[in-house]
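File shown here: upload_10.txt, holding compact mmCIF, C-alpha atoms.
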```
# COMPACT_ATOMS: atom_id res chain seq x y z
CA MET O 3 -4.71 21.12 21.98
CA LYS O 4 -3.23 19.26 19.01
CA LEU O 5 0.00 17.28 19.25
CA TYR O 6 1.73 19.78 16.99
CA ASP O 7 0.64 22.66 19.23
CA ILE O 8 1.79 20.82 22.36
CA SER O 9 5.21 20.15 20.82
CA LYS O 10 5.49 23.77 19.70
CA GLU O 11 4.56 25.04 23.17
CA MET O 12 7.02 22.67 24.88
CA ASN O 13 9.83 23.80 22.55
CA GLU O 14 9.02 27.43 23.31
CA ILE O 15 9.31 26.80 27.05
CA LEU O 16 12.53 24.82 26.67
CA GLU O 17 14.13 27.45 24.41
CA ASN O 18 12.92 30.59 26.21
CA GLY O 19 12.50 29.27 29.73
CA PHE O 20 8.89 30.43 29.84
CA SER O 21 5.62 30.67 27.95
CA VAL O 22 3.06 33.41 27.61
CA ASN O 23 0.79 31.25 29.77
CA CYS O 24 3.29 31.43 32.66
CA ILE O 25 3.38 35.21 33.10
CA ASP O 26 1.64 36.57 36.18
CA GLU O 27 -1.13 38.85 34.89
CA GLU O 28 -0.96 41.21 37.87
CA THR O 29 2.81 41.75 38.05
CA GLY O 30 3.85 40.82 34.51
CA GLU O 31 6.64 38.63 35.89
CA ILE O 32 7.43 35.03 35.03
CA ASP O 33 6.02 32.69 37.65
CA GLU O 34 8.55 29.82 37.92
CA SER O 35 6.05 27.54 39.64
CA LYS O 36 3.58 28.13 36.79
CA VAL O 37 6.33 27.32 34.24
CA ALA O 38 7.07 23.96 35.88
CA GLU O 39 3.39 23.18 36.37
CA TYR O 40 2.52 24.15 32.79
CA LEU O 41 5.45 22.19 31.33
CA ASN O 42 4.39 19.16 33.38
CA SER O 43 0.78 19.44 32.15
CA LEU O 44 2.04 19.74 28.55
CA GLN O 45 4.19 16.63 29.04
CA VAL O 46 1.17 14.67 30.30
CA ALA O 47 -0.97 15.93 27.41
CA TYR O 48 1.82 15.09 24.95
CA GLU O 49 2.13 11.52 26.26
CA ASP O 50 -1.66 11.04 26.13
CA LYS O 51 -1.83 12.29 22.54
CA VAL O 52 1.11 10.14 21.40
CA ASP O 53 -0.38 7.09 23.12
CA ASN O 54 -3.82 7.71 21.60
CA ILE O 55 -2.39 8.22 18.10
CA ALA O 56 -0.34 5.02 18.41
CA CYS O 57 -3.49 3.11 19.47
CA TYR O 58 -5.37 4.60 16.52
CA ILE O 59 -2.58 3.53 14.14
CA LYS O 60 -2.72 -0.02 15.54
CA ASP O 61 -6.51 -0.04 15.09
CA ILE O 62 -6.26 1.12 11.47
CA LYS O 63 -3.51 -1.43 10.83
CA ALA O 64 -5.77 -4.18 12.22
CA GLN O 65 -8.60 -2.99 9.97
CA ALA O 66 -6.27 -3.01 6.96
CA ASN O 67 -5.16 -6.56 7.79
CA ALA O 68 -8.79 -7.70 8.16
CA ILE O 69 -9.64 -6.09 4.82
CA GLY O 70 -6.62 -7.80 3.25
CA GLU O 71 -7.76 -11.17 4.57
CA GLU O 72 -11.26 -10.56 3.23
CA ILE O 73 -9.80 -9.58 -0.15
CA LYS O 74 -7.85 -12.86 -0.21
CA LYS O 75 -11.01 -14.84 0.57
CA LEU O 76 -13.03 -13.00 -2.06
CA THR O 77 -10.22 -13.35 -4.61
CA ASP O 78 -10.13 -17.09 -3.99
CA ARG O 79 -13.92 -17.31 -4.36
CA LYS O 80 -13.75 -15.26 -7.58
CA ARG O 81 -10.98 -17.46 -8.98
CA SER O 82 -13.00 -20.57 -8.12
CA ALA O 83 -16.12 -19.18 -9.79
CA GLU O 84 -14.13 -18.20 -12.89
CA LYS O 85 -12.62 -21.69 -13.11
CA LYS O 86 -16.08 -23.22 -12.79
CA VAL O 87 -17.37 -20.93 -15.59
CA GLU O 88 -14.43 -21.89 -17.80
CA SER O 89 -14.85 -25.60 -17.07
CA LEU O 90 -18.60 -25.57 -17.74
CA SER O 91 -18.12 -23.46 -20.88
CA ASN O 92 -15.54 -25.95 -22.20
CA TYR O 93 -17.85 -28.84 -21.33
CA LEU O 94 -20.79 -27.23 -23.14
CA THR O 95 -18.59 -26.36 -26.15
CA ASP O 96 -17.24 -29.91 -26.40
CA CYS O 97 -20.72 -31.44 -26.14
CA MET O 98 -22.29 -29.13 -28.72
CA LEU O 99 -19.40 -29.33 -31.22
CA SER O 100 -19.17 -33.14 -30.91
CA LEU O 101 -22.77 -33.25 -32.12
CA GLY O 102 -22.10 -30.67 -34.84
CA LYS O 103 -24.37 -28.13 -33.16
CA ILE O 104 -23.22 -24.51 -33.47
CA LYS O 105 -26.43 -22.85 -32.31
CA PHE O 106 -28.94 -23.36 -29.52
CA GLU O 107 -31.95 -21.26 -28.58
CA SER O 108 -34.43 -21.53 -25.75
CA VAL O 109 -36.64 -19.10 -23.89
CA ARG O 110 -33.83 -18.38 -21.40
CA ASN O 111 -30.65 -18.77 -23.48
CA CYS O 112 -29.24 -18.20 -26.92
CA ILE O 113 -25.92 -19.97 -27.59
CA SER O 114 -23.82 -19.56 -30.71
CA PHE O 115 -20.17 -19.70 -31.67
CA ARG O 116 -18.06 -16.89 -33.02
CA ARG O 117 -14.94 -17.63 -35.01
CA SER O 118 -11.72 -16.06 -33.72
CA TYR O 119 -8.06 -16.54 -34.49
CA SER O 120 -4.93 -16.86 -32.41
CA VAL O 121 -1.33 -17.67 -33.26
CA ASP O 122 0.37 -20.67 -31.75
CA ILE O 123 4.19 -20.49 -31.76
CA SER O 124 5.70 -23.96 -31.85
CA ASN O 125 9.36 -22.99 -32.47
CA LEU O 126 10.53 -19.45 -31.76
CA GLU O 127 13.91 -19.93 -33.52
CA GLN O 128 12.21 -20.57 -36.86
CA ILE O 129 10.23 -17.31 -36.82
CA PRO O 130 11.72 -14.76 -39.30
CA LYS O 131 13.38 -11.74 -37.65
CA GLN O 132 10.84 -9.35 -39.21
CA PHE O 133 8.20 -10.89 -36.91
CA ILE O 134 10.25 -10.59 -33.72
CA LYS O 135 9.76 -7.67 -31.32
CA ILE O 136 12.83 -6.77 -29.33
CA LYS O 137 12.29 -5.46 -25.82
CA VAL O 138 15.14 -3.77 -24.02
CA SER O 139 14.95 -2.57 -20.46
CA GLU O 140 17.55 -1.38 -18.03
CA ASP O 141 16.90 -1.33 -14.31
CA PRO O 142 19.41 -0.46 -11.63
CA ASP O 143 20.40 -3.31 -9.31
CA LYS O 144 19.46 -1.58 -6.06
CA LYS O 145 20.68 -4.44 -3.86
CA ALA O 146 24.15 -4.34 -5.40
CA ILE O 147 24.22 -0.53 -5.21
CA MET O 148 23.20 -0.63 -1.54
CA ALA O 149 25.90 -3.19 -0.75
CA ALA O 150 28.52 -1.04 -2.49
CA LEU O 151 27.40 2.14 -0.72
CA LYS O 152 27.38 0.39 2.65
CA ASN O 153 30.98 -0.67 1.97
CA ASP O 154 31.87 3.03 1.53
CA GLU O 155 32.24 2.65 -2.22
CA GLU O 156 31.16 5.57 -4.37
CA VAL O 157 28.39 4.88 -6.88
CA GLU O 158 27.86 7.83 -9.18
CA GLY O 159 24.20 8.82 -9.41
CA ALA O 160 23.22 7.04 -6.20
CA THR O 161 23.27 7.85 -2.51
CA LEU O 162 22.42 5.84 0.56
CA LYS O 163 19.24 7.18 2.11
CA VAL O 164 18.50 6.52 5.77
CA ASN O 165 14.82 6.14 6.57
CA MET O 166 13.28 6.28 10.01
CA ASN O 167 10.39 3.83 10.12
CA ILE O 168 8.12 4.05 13.14
CA GLN O 169 7.49 0.80 14.99
CA ILE O 170 4.30 0.51 17.04
CA LYS O 171 3.78 -2.70 18.98
```

Starting from the coordinates I provided, produce the structure as structure tokens.
Amino acid sequence: MKLYDISKEMNEILENGFSVNCIDEETGEIDESKVAEYLNSLQVAYEDKVDNIACYIKDIKAQANAIGEEIKKLTDRKRSAEKKVESLSNYLTDCMLSLGKIKFESVRNCISFRRSYSVDISNLEQIPKQFIKIKVSEDPDKKAIMAALKNDEEVEGATLKVNMNIQIK
């Protein structure tokens, strides 16, 4: 039986005082001893399911943490490899350009340079206004709004939402 079904069945017993499973088939009457026994068995099943689900959540959380740690390690290794590529590329560029070489070919490699352009801004105040992009953004200050709402102040367009976050330890 699923946890949802167990909860539903327990609620039915608590609201009605009985369940279909507690009716004596021969007489059609409610067997009080069966009601108590069935409710007890549902309670045990409920606790087992809740406990098992909580253990499963902890297991998945541990897996997620292990994956996160592995991602950090791989990200660090990637960053290190990218820095090494950049450093070696700069070294090769400096060596070739210092000798006036802009092309190199071998059986395994073909190296050449491609011209590209970039803009270097040395003084932003001197740039004419026609070349300035203006960015405007408005974001609500949620911390200030929360503080105001907690102090029973009314903030139009905002309400204080109470969340119930499960804690499994």

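Residue nearest Gly102 in chain O, chosen from O:Phe115, O:Lys63, O:Ile15, O:Ile134 and counting only C-alpha atoms: O:Phe115.
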
Residue nearest Lys10 in chain O among O:Ile104, O:Val157, O:Leu41, O:Ile147 (counting only C-alpha atoms):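 That would be O:Leu41, the residue with the smallest distance to Lys10 in chain O.
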
Env of Leu162 in chain O: 12 Å cut, atoms = all atoms listed in the file, seq-sep filter 6 positions within chain, self excluded. Answer as a PyMOL selection string. chain O and resi 144-156

Pairwise distance, CA of Val52 in chain O with CA of Met166 in chain O, equals 17.1 Å

Of the candidates O:Met3, O:Ala66, O:Ala83, O:Cys112, which shows the shortest atom-to-atom distance to Leu44 in chain O, using all atoms listed in the file?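 With all atoms listed in the file as the atom set, the closest residue is O:Met3.
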
In Å, rounded to a single decimal, give me how far CA of Glu49 in chain O is from CA of Leu16 in chain O.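 Those two atoms sit 16.9 Å apart.
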
Work out how far CA of Ser9 in chain O is from CA of Tyr40 in chain O, in Å to one decimal.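 Between these atoms lies a distance of 12.9 Å.
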